[in-house]
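Engineer: Sharing my_file_22.pdb, PDB, C-alpha atoms:
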ATOM      1  CA  MET A 208       6.744 -17.730  -5.517
ATOM      2  CA  THR A 209       3.276 -19.160  -5.053
ATOM      3  CA  LEU A 210       0.438 -17.171  -3.526
ATOM      4  CA  LEU A 211       0.418 -19.516  -0.527
ATOM      5  CA  ASP A 212       4.176 -19.019  -0.028
ATOM      6  CA  PHE A 213       3.730 -15.247  -0.227
ATOM      7  CA  LEU A 214       0.899 -15.297   2.304
ATOM      8  CA  ASN A 215       2.880 -17.556   4.635
ATOM      9  CA  LYS A 216       5.845 -15.192   4.447
ATOM     10  CA  HIS A 217       4.004 -11.836   4.594
ATOM     11  CA  GLY A 218       0.417 -12.557   5.635
ATOM     12  CA  SER A 219       0.887 -11.479   9.252
ATOM     13  CA  LYS A 220       1.894  -7.985   8.045
ATOM     14  CA  MET A 221      -1.281  -7.472   6.031
ATOM     15  CA  GLY A 222      -4.790  -6.677   7.174
ATOM     16  CA  PHE A 223      -8.051  -7.742   5.561
ATOM     17  CA  LEU A 224      -8.033  -5.064   2.873
ATOM     18  CA  GLU A 225      -4.393  -5.596   1.891
ATOM     19  CA  THR A 226      -4.916  -9.359   1.671
ATOM     20  CA  ALA A 227      -8.052  -8.840  -0.429
ATOM     21  CA  PHE A 228      -6.103  -6.534  -2.776
ATOM     22  CA  LEU A 229      -3.304  -9.055  -3.137
ATOM     23  CA  LYS A 230      -5.591 -12.016  -3.819
ATOM     24  CA  ASN A 231      -8.459 -10.433  -5.749
ATOM     25  CA  VAL A 232      -6.747  -7.664  -7.690
ATOM     26  CA  PHE A 233      -2.995  -8.003  -7.952
ATOM     27  CA  TYR A 234      -2.650 -11.791  -8.170
ATOM     28  CA  GLU A 235      -5.531 -12.045 -10.613
ATOM     29  CA  ASP A 236      -3.648  -9.793 -13.050
ATOM     30  CA  TYR A 237       0.013 -10.567 -12.371
ATOM     31  CA  GLY A 238       0.030 -14.125 -11.018
ATOM     32  CA  GLU A 239       3.029 -15.750  -9.399
ATOM     33  CA  ASP A 240       5.563 -13.746 -11.420
ATOM     34  CA  GLY A 241       4.118 -10.544  -9.994
ATOM     35  CA  LEU A 242       4.597 -11.750  -6.424
ATOM     36  CA  ASP A 243       8.364 -11.421  -6.918
ATOM     37  CA  LEU A 244       7.909  -7.688  -7.624
ATOM     38  CA  ILE A 245       5.654  -6.641  -4.749
ATOM     39  CA  GLU A 246       6.465  -6.163  -1.074
ATOM     40  CA  PRO A 247       3.931  -5.414   1.659
ATOM     41  CA  GLU A 248       4.287  -2.938   4.518
ATOM     42  CA  VAL A 249       7.337  -0.982   3.392
ATOM     43  CA  ASN A 250       8.695   1.863   5.515
ATOM     44  CA  ILE A 251       9.936   5.061   3.896
ATOM     45  CA  GLU A 252      11.633   8.052   5.506
ATOM     46  CA  ARG A 253       9.640  11.134   6.419
ATOM     47  CA  ASN A 254      10.955  14.488   5.295
ATOM     48  CA  ASP A 255      10.088  16.288   8.529
ATOM     49  CA  GLY A 256      13.172  15.718  10.688
ATOM     50  CA  SER A 257      11.225  13.572  13.168
ATOM     51  CA  GLY A 258      13.136  10.350  12.444
ATOM     52  CA  ARG A 259       9.777   8.609  12.106
ATOM     53  CA  LYS A 260       8.782   6.642   9.027
ATOM     54  CA  TRP A 261       5.714   6.311   6.853
ATOM     55  CA  ARG A 262       4.407   2.845   6.088
ATOM     56  CA  LEU A 263       3.213   2.043   2.566
ATOM     57  CA  ASP A 264       0.769  -0.831   2.109
ATOM     58  CA  PHE A 265       2.727  -2.187  -0.862
ATOM     59  CA  VAL A 266       5.696  -1.259  -3.003
ATOM     60  CA  LEU A 267       5.851  -2.687  -6.510
ATOM     61  CA  THR A 268       9.225  -2.347  -8.211
ATOM     62  CA  THR A 269       9.801  -2.935 -11.905
ATOM     63  CA  LYS A 270      12.946  -2.290 -13.916
ATOM     64  CA  ASP A 271      11.621   1.140 -14.913
ATOM     65  CA  ASN A 272       9.332   2.307 -12.090
ATOM     66  CA  LYS A 273       8.450   2.037  -8.448
ATOM     67  CA  PHE A 274       4.842   2.179  -7.337
ATOM     68  CA  ALA A 275       3.342   2.787  -3.917
ATOM     69  CA  ILE A 276       0.006   1.035  -3.590
ATOM     70  CA  GLU A 277      -2.307   2.196  -0.829
ATOM     71  CA  CYS A 278      -5.447   0.321   0.186
ATOM     72  CA  ASP A 279      -7.741   2.939   1.724
ATOM     73  CA  GLY A 280     -10.552   1.847   4.002
ATOM     74  CA  PHE A 281     -13.385   4.308   4.546
ATOM     75  CA  ASN A 282     -12.937   4.533   8.321
ATOM     76  CA  TYR A 283      -9.178   5.030   8.316
ATOM     77  CA  HIS A 284      -8.574   7.424   5.426
ATOM     78  CA  ALA A 285     -11.693   9.353   4.414
ATOM     79  CA  ALA A 286     -12.218  13.000   5.228
ATOM     80  CA  GLY A 287     -15.030  13.247   7.747
ATOM     81  CA  ARG A 288     -14.278   9.746   9.044
ATOM     82  CA  VAL A 289     -10.899  10.620  10.579
ATOM     83  CA  THR A 290      -9.860  13.681  12.539
ATOM     84  CA  PRO A 291      -8.679  16.683  10.548
ATOM     85  CA  GLU A 292      -5.188  16.143  11.995
ATOM     86  CA  ARG A 293      -5.091  12.530  10.822
ATOM     87  CA  PHE A 294      -6.369  13.511   7.398
ATOM     88  CA  ASP A 295      -3.614  16.155   7.121
ATOM     89  CA  GLU A 296      -1.051  13.534   8.132
ATOM     90  CA  LEU A 297      -2.302  11.147   5.450
ATOM     91  CA  GLU A 298      -2.062  13.902   2.846
ATOM     92  CA  SER A 299       1.520  14.608   3.958
ATOM     93  CA  LYS A 300       2.279  10.907   3.518
ATOM     94  CA  ARG A 301       0.887  10.951  -0.016
ATOM     95  CA  ASN A 302       2.920  14.033  -0.912
ATOM     96  CA  GLU A 303       6.129  12.565   0.518
ATOM     97  CA  THR A 304       5.550   9.302  -1.344
ATOM     98  CA  ILE A 305       5.336  11.194  -4.634
ATOM     99  CA  ARG A 306       8.325  13.393  -3.702
ATOM    100  CA  GLN A 307      10.400  10.229  -3.226
ATOM    101  CA  GLY A 308       9.679   9.187  -6.800
ATOM    102  CA  PHE A 309       6.917   6.647  -6.323
ATOM    103  CA  GLU A 310       3.968   6.518  -8.665
ATOM    104  CA  LEU A 311       1.055   6.454  -6.247
ATOM    105  CA  ILE A 312      -1.898   4.118  -6.711
ATOM    106  CA  SER A 313      -4.719   4.461  -4.173
ATOM    107  CA  LEU A 314      -7.597   2.031  -4.120
ATOM    108  CA  SER A 315     -10.719   2.272  -1.975
ATOM    109  CA  LYS A 316     -12.231  -0.649  -0.114
ATOM    110  CA  ARG A 317     -15.066  -0.788  -2.648
ATOM    111  CA  GLN A 318     -12.653  -0.879  -5.594
ATOM    112  CA  ILE A 319     -10.816  -3.787  -3.984
ATOM    113  CA  THR A 320     -13.740  -5.849  -2.773
ATOM    114  CA  ASP A 321     -16.155  -5.242  -5.657
TER     115      ASP A 321
END
Output the file's structure in the form of structure tokens.

Structural biologist:
Amino acid sequence: MTLLDFLNKHGSKMGFLETAFLKNVFYEDYGEDGLDLIEPEVNIERNDGSGRKWRLDFVLTTKDNKFAIECDGFNYHAAGRVTPERFDELESKRNETIRQGFELISLSKRQITD
């Protein structure tokens, strides 16, 4: 799949930071072959009985591993920038992601854009 095809298919699901990660980080390293392995905006079950789901920015699946890739903007994820309740919720999401067998990769806005 070409980058343009991927963006046409999934671009409306991704925000600025996710698109920047895909173009400037992931595609630069993995090219078109990598686009067949990555999926944006994937829902996973919560382990809290609520029936709600967590949304992962990307899931990358290889024959041996599955990775959750999170693109963390300063205003939406950082302690002191979000409410304590939201920060606790984000930490619960990270823990559940790992519990479900994902290798977690978190990148900050600066890591993605610089």

Engineer: Find the residues near A:Thr269: any atom within 12 Å, counting all atoms listed in the file, skip ones fewer than 3 places away on the same chain, and give them as a list of chain:residue names.

Structural biologist: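 Everything that qualifies: A:Asp240, A:Gly241, A:Leu242, A:Asp243, A:Leu244, A:Ile245, A:Glu246, A:Val266, A:Asn272, A:Lys273, A:Phe274, A:Ala275, A:Phe309, A:Glu310.
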
Engineer: Report as a ChimeraX atom specification all protein, DNA and RNA residues lying within 10 Å of stretch 304-306 of chain A, evaluated on all atoms listed in the file, omitting residues in the same chain fewer than 2 positions from it.

Structural biologist: /A:251-254,261-263,274-275,298-302,308-311

Engineer: In Å, rounded to a single decimal, give me how far atom CA of A:Pro247 is from atom CA of A:Gly218.

Structural biologist: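 Computed distance, atom CA of A:Gly218 to atom CA of A:Pro247, equals 8.9 Å.
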
Engineer: Written as an mmCIF file with C-alpha atoms, in the coordinates of the input, which residues does the PyMOL selection byres ((chain A and resi 320) around 9) give for the file shown?

Structural biologist:
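Okay, part_13.cif is ready:
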data_model
loop_
_atom_site.group_PDB
_atom_site.id
_atom_site.type_symbol
_atom_site.label_atom_id
_atom_site.label_comp_id
_atom_site.auth_asym_id
_atom_site.auth_seq_id
_atom_site.Cartn_x
_atom_site.Cartn_y
_atom_site.Cartn_z
ATOM 1 C CA LEU A 224 -8.033 -5.064 2.873
ATOM 2 C CA ALA A 227 -8.052 -8.840 -0.429
ATOM 3 C CA PHE A 228 -6.103 -6.534 -2.776
ATOM 4 C CA ASN A 231 -8.459 -10.433 -5.749
ATOM 5 C CA VAL A 232 -6.747 -7.664 -7.690
ATOM 6 C CA SER A 315 -10.719 2.272 -1.975
ATOM 7 C CA LYS A 316 -12.231 -0.649 -0.114
ATOM 8 C CA ARG A 317 -15.066 -0.788 -2.648
ATOM 9 C CA GLN A 318 -12.653 -0.879 -5.594
ATOM 10 C CA ILE A 319 -10.816 -3.787 -3.984
ATOM 11 C CA ASP A 321 -16.155 -5.242 -5.657
#

Engineer: What separation in Å, quoted to one decimal, exists between atom CA of A:Gly238 and atom CA of A:Cys278?

Structural biologist: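 Distance between the two atoms: 19.1 Å.
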
Engineer: Given the point (-1.9, -10.5, 5.9) in the file's coordinates, find the residues that have an atom at most 12 Å from it, counting all atoms listed in the file, and give them as JSON, numbers by chain.

Structural biologist: {"A": [210, 211, 213, 214, 215, 216, 217, 218, 219, 220, 221, 222, 223, 224, 225, 226, 227, 228, 229, 230, 246, 247, 248, 264, 265]}

Engineer: Quick one: distance from atom CA of A:Tyr237 to atom CA of A:Leu267 in Å, one decimal?

Structural biologist: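 According to the coordinates, atom CA of A:Tyr237 and atom CA of A:Leu267 are separated by 11.4 Å.
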
Engineer: Just checking: using only C-alpha atoms, which residue out of A:Asp279, A:Lys270, A:Ser257, A:Val249 ends up closest to A:Ile312?

Structural biologist: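 Looking only at the distances to A:Ile312, the closest residue turns out to be A:Asp279.
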